[in-house]
Structures are given as C-alpha cells and as structure tokens.
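Heads up: the structure comes next, in structure tokens.
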Amino acid sequence: MSPRAPDEPVRLTRIYTRGGDRGETSLGDGSRVPKLDCRIGAFGTVDELNSHVGLALAARPPEDVRSVLEGVQNDLFDVGADLSVPYGVGDGRLRVDQPKIDELERLCDRFNADLPELKSFVLPGGSELAARLHVARAVCRRAEREALAAAGEVELNPLVLVYLNRLSDLLFILARAANAATGGGEPLWKPGGSY
C-alpha cells in the first residue's frame with residue numbers, strides 16, 4: 001500500500017472493522033473510549049448536522065447559498081476532527097480557529113443585510129429549502145448543547161462552541177433568505193393564534 005498523499009486525510013479499504021462491537025470506539029488520537037463518551041455524542045451530532053446541510057443542498061439552493069453550504073459541510077468535518085482529538089495537545093492538530101468564526105459572521109451580515117426587520121418569531125417552514133435549513137439550525141443548536149455538556153467533562157477547544165453558535169445564526173438567516181427569495185414571505189408566530 002502506498003503512503004497517503006497530503007490531500008488524502010484518510011484511506012479506508014474496509015468500512016467495517018469490528019473494533020466497535022463491544023461498545024468502544026477510537027478518538028482521533030487513537031485512544032479508546034466508550035461510544036457513550038461525551039465527545040462521541042458531540043461529534044456524532046455534528047455529523048447529523050452535516051447530513052442535514054447535505055439535505056438542504058439537495059433542495060438546489062441558489063449558487064451563492066450552495067457555495068456557503070458546501071463550505072459549511074467541509075468546516076463541520078473540521079469541527080468533528082477537533083472534537084475527536086483531546087484538546088491541549090500541542091501537536092499541530094486541526095482545530096477550529098477565529099478566522100472560521102469571522103467568516104461565519106461576515107456571511108451572517110451579508111445575507112441578513114437585505115432581510116426585513118423581524119417583528120415576530122419565525123416558524124420553521126416556508127419553502128422546502130427554508131424548512132430544511134431550519135431543521136439544520138435546530139440540530140446545530142443541539143450539537144452546540146452537546147459540545148457544551150462535553151466541555152463540562154473534558155477540555156475542548158472553546159472556539160468549537162462559538163463556531164456552532166454562530167453557524168446556527170447563519171442557518172437561521174439563510175432560511176429567512178430562502179423564504180424571501182420565493183416571494184412568499186415567511187411564516188410568523190401569532191401568539192395564541194388558532195387553526
């Protein structure tokens with residue numbers, strides 16, 4: 001077998017390994033932990049979030065949104081890689097950094113600039129793309145909570161928490177923008193409203 005190239009982060013020749021059959025799995029540094037380890041839960045939810053972003057991409061968003069979501073999918077693999085390796089190891093491991101958060105904030109400002117001011121809470125729906133983005137946003141919030149719970153048990157990169165918080169904001173804004181693009185408006189909460 002030839003060595004991996006720098007642009008080849010993994011090489012999988014077999015998908016099943018039987019290594020997890022007894023309820024354990026490996027972290028990114030090779031250490032074994034129970035599958036119920038808080039870090040496994042956190043990056044498992046990040047993986048679920050990434051799948052929901054993929055579903056949003058399958059709804060054929062406009063090119064500017066498509067390129068953002070494709071970048072987010074790649075970033076979420078970076079987030080998972082960060083969560084999967086014990087923090088504090090000064091070995092040059094892949095970590096979420098401030099420029100990733102700065103980019104999310106820039107994108108939030110860009111896509112929010114033309115949206116009307118909110119005067120009610122937005123119901124998670126509208127167009128198909130908006131609905132899928134709202135589901136991704138809700139899963140992102142759960143990933144953030146799970147990462148926060150994990151940070152209470154083990155040391156994590158604090159920027160992972162900031163990244164997930166900012167990403168949920170971006171997904172909310174993109175859902176609003178998706179509804180605005182259809183011209184149909186967005187569903188708003190009407191307190192005490194009836195059927």
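A note on labels: chains of the structure tokens are A, B, ... as shown, every chain counts residues from 1, and ligands are counted from 1 in their shown order.
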Practice task
Name the residues in contact with Phe111 in chain A at a cut-off of 9 Å, using only C-alpha atoms, excluding same-chain residues fewer than 5 positions from it; report them as a ChimeraX atom specification.
Solution key: /A:106,170,173-174,177
Polymer residues at most 6 Å from Ala147 in chain A, only C-alpha atoms, same-chain spacing of 3 or more positions, as a PyMOL selection string:
chain A and resi 42+144+150
With only C-alpha atoms as the counted atoms, please give the residues lying no more than 12 Å from Gly183 in chain A, apart from itself and same-chain residues fewer than 3 positions off, as a ChimeraX atom specification. /A:115,126-127,176-180,186
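Between Asp75 in chain A and the candidates A:Gly184, A:Pro191, A:Gly92, A:Pro99, the tightest atom-to-atom separation, counting only C-alpha atoms, involves A:Pro99.
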Residues of range 83-143 of chain A that approach range 154-161 of chain A to 8 Å or less, counting only C-alpha atoms: could you list each one with the shortest pair of atoms and its distance in Å to one decimal, rows by chain and increasing residue number, as a Markdown table?
| residue | atom | partner | partner_atom | distance |
| --- | --- | --- | --- | --- |
| A:Leu83 | CA | A:Leu156 | CA | 6.9 |
| A:Pro86 | CA | A:Leu156 | CA | 7.2 |
| A:Tyr87 | CA | A:Leu156 | CA | 5.3 |
| A:Gly88 | CA | A:Glu155 | CA | 7.6 |
| A:Arg95 | CA | A:Asn157 | CA | 7.4 |
| A:Val96 | CA | A:Val160 | CA | 6.0 |
| A:Asp97 | CA | A:Leu159 | CA | 6.5 |
| A:Gln98 | CA | A:Leu159 | CA | 7.1 |
Ala175 in chain A environment, 10 Å, only C-alpha atoms, sequence neighbours closer than 3 positions dropped, as a ChimeraX atom specification | /A:56,122,124-137,169-172,178-181,186
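Counting only C-alpha atoms, range 47-51 of chain A has the following residues at most 8 Å away, ignoring those fewer than 6 positions along the same chain: Gln73, Leu76, Phe77, Gly80, Ala136, Val139, Cys140 and Ala143 of chain A.
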Write the residues of the selection above to a file with N, CA, C and O atoms, as an mmCIF file, in the first residue's frame.
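Written output follows (out.cif):
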data_model
loop_
_atom_site.group_PDB
_atom_site.id
_atom_site.type_symbol
_atom_site.label_atom_id
_atom_site.label_comp_id
_atom_site.auth_asym_id
_atom_site.auth_seq_id
_atom_site.Cartn_x
_atom_site.Cartn_y
_atom_site.Cartn_z
ATOM 1 N N GLN A 73 -20.199 22.387 5.105
ATOM 2 C CA GLN A 73 -20.029 20.936 5.230
ATOM 3 C C GLN A 73 -18.568 20.576 5.483
ATOM 4 O O GLN A 73 -18.274 19.731 6.341
ATOM 5 N N LEU A 76 -17.636 21.500 9.002
ATOM 6 C CA LEU A 76 -18.179 20.598 10.021
ATOM 7 C C LEU A 76 -17.327 19.349 10.177
ATOM 8 O O LEU A 76 -17.242 18.789 11.274
ATOM 9 N N PHE A 77 -16.667 18.904 9.106
ATOM 10 C CA PHE A 77 -15.700 17.812 9.266
ATOM 11 C C PHE A 77 -14.525 18.280 10.117
ATOM 12 O O PHE A 77 -14.008 17.528 10.949
ATOM 13 N N GLY A 80 -15.685 18.222 13.688
ATOM 14 C CA GLY A 80 -15.663 16.842 14.180
ATOM 15 C C GLY A 80 -14.249 16.375 14.479
ATOM 16 O O GLY A 80 -14.003 15.709 15.493
ATOM 17 N N ALA A 136 -31.754 21.978 10.020
ATOM 18 C CA ALA A 136 -30.300 22.016 10.247
ATOM 19 C C ALA A 136 -29.967 22.954 11.404
ATOM 20 O O ALA A 136 -29.120 22.645 12.252
ATOM 21 N N VAL A 139 -30.771 21.237 14.707
ATOM 22 C CA VAL A 139 -29.767 20.211 15.009
ATOM 23 C C VAL A 139 -28.451 20.879 15.416
ATOM 24 O O VAL A 139 -27.747 20.396 16.308
ATOM 25 N N CYS A 140 -28.137 22.017 14.803
ATOM 26 C CA CYS A 140 -26.925 22.754 15.172
ATOM 27 C C CYS A 140 -27.002 23.207 16.618
ATOM 28 O O CYS A 140 -26.017 23.119 17.364
ATOM 29 N N ALA A 143 -26.235 20.242 18.675
ATOM 30 C CA ALA A 143 -24.793 19.959 18.641
ATOM 31 C C ALA A 143 -24.046 20.903 19.577
ATOM 32 O O ALA A 143 -23.130 20.485 20.292
#
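Of note, CA of Ile101 in chain A and CA of Leu148 in chain A are spaced 17.0 Å apart.
Rounded to one decimal, CA of Ala138 in chain A and CA of Ser168 in chain A lie 7.6 Å from each other.
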If you count only C-alpha atoms, the residue of A:Arg145, A:Arg93, A:Arg110, A:Arg66 closest to Thr45 in chain A turns out to be A:Arg145
Among A:Thr182, A:Glu103, A:Val79, A:Ser120, Leu164 in chain A is approached most closely, using only C-alpha atoms, by A:Val79
- Item | strand (DSSP E) residues, from DSSP on the backbone, in range 15-149 of chain A, as a ChimeraX atom specification | /A:24-26,32-34
Take the selection from the previous step and output its residues with N, CA, C and O atoms, as a PDB file, in the first residue's frame.
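Written output follows (result30.pdb):
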ATOM      1  N   GLU A  24     -17.049   0.287  22.233  1.00  0.00           N
ATOM      2  CA  GLU A  24     -15.968   1.266  22.302  1.00  0.00           C
ATOM      3  C   GLU A  24     -15.630   1.746  20.900  1.00  0.00           C
ATOM      4  O   GLU A  24     -15.931   1.087  19.916  1.00  0.00           O
ATOM      5  N   THR A  25     -14.986   2.894  20.842  1.00  0.00           N
ATOM      6  CA  THR A  25     -14.523   3.434  19.572  1.00  0.00           C
ATOM      7  C   THR A  25     -13.243   4.214  19.832  1.00  0.00           C
ATOM      8  O   THR A  25     -12.847   4.418  20.978  1.00  0.00           O
ATOM      9  N   SER A  26     -12.602   4.650  18.769  1.00  0.00           N
ATOM     10  CA  SER A  26     -11.341   5.387  18.899  1.00  0.00           C
ATOM     11  C   SER A  26     -11.561   6.871  18.700  1.00  0.00           C
ATOM     12  O   SER A  26     -12.323   7.291  17.829  1.00  0.00           O
ATOM     13  N   ARG A  32      -8.915   4.730  23.029  1.00  0.00           N
ATOM     14  CA  ARG A  32     -10.222   4.063  23.006  1.00  0.00           C
ATOM     15  C   ARG A  32     -11.102   4.632  24.121  1.00  0.00           C
ATOM     16  O   ARG A  32     -10.641   4.824  25.251  1.00  0.00           O
ATOM     17  N   VAL A  33     -12.367   4.878  23.779  1.00  0.00           N
ATOM     18  CA  VAL A  33     -13.346   5.386  24.742  1.00  0.00           C
ATOM     19  C   VAL A  33     -14.670   4.678  24.499  1.00  0.00           C
ATOM     20  O   VAL A  33     -14.925   4.157  23.404  1.00  0.00           O
ATOM     21  N   PRO A  34     -15.563   4.664  25.500  1.00  0.00           N
ATOM     22  CA  PRO A  34     -16.893   4.111  25.278  1.00  0.00           C
ATOM     23  C   PRO A  34     -17.639   4.942  24.221  1.00  0.00           C
ATOM     24  O   PRO A  34     -17.433   6.155  24.124  1.00  0.00           O
TER      25      PRO A  34
END
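Taking CA of Gly44 in chain A and CA of Glu146 in chain A as endpoints, the distance between them is 9.6 Å.
Comparing A:Phe121, A:Val85, A:Pro116, A:Ser194 by their smallest distance to Phe43 in chain A, the closest is A:Val85 (using only C-alpha atoms).
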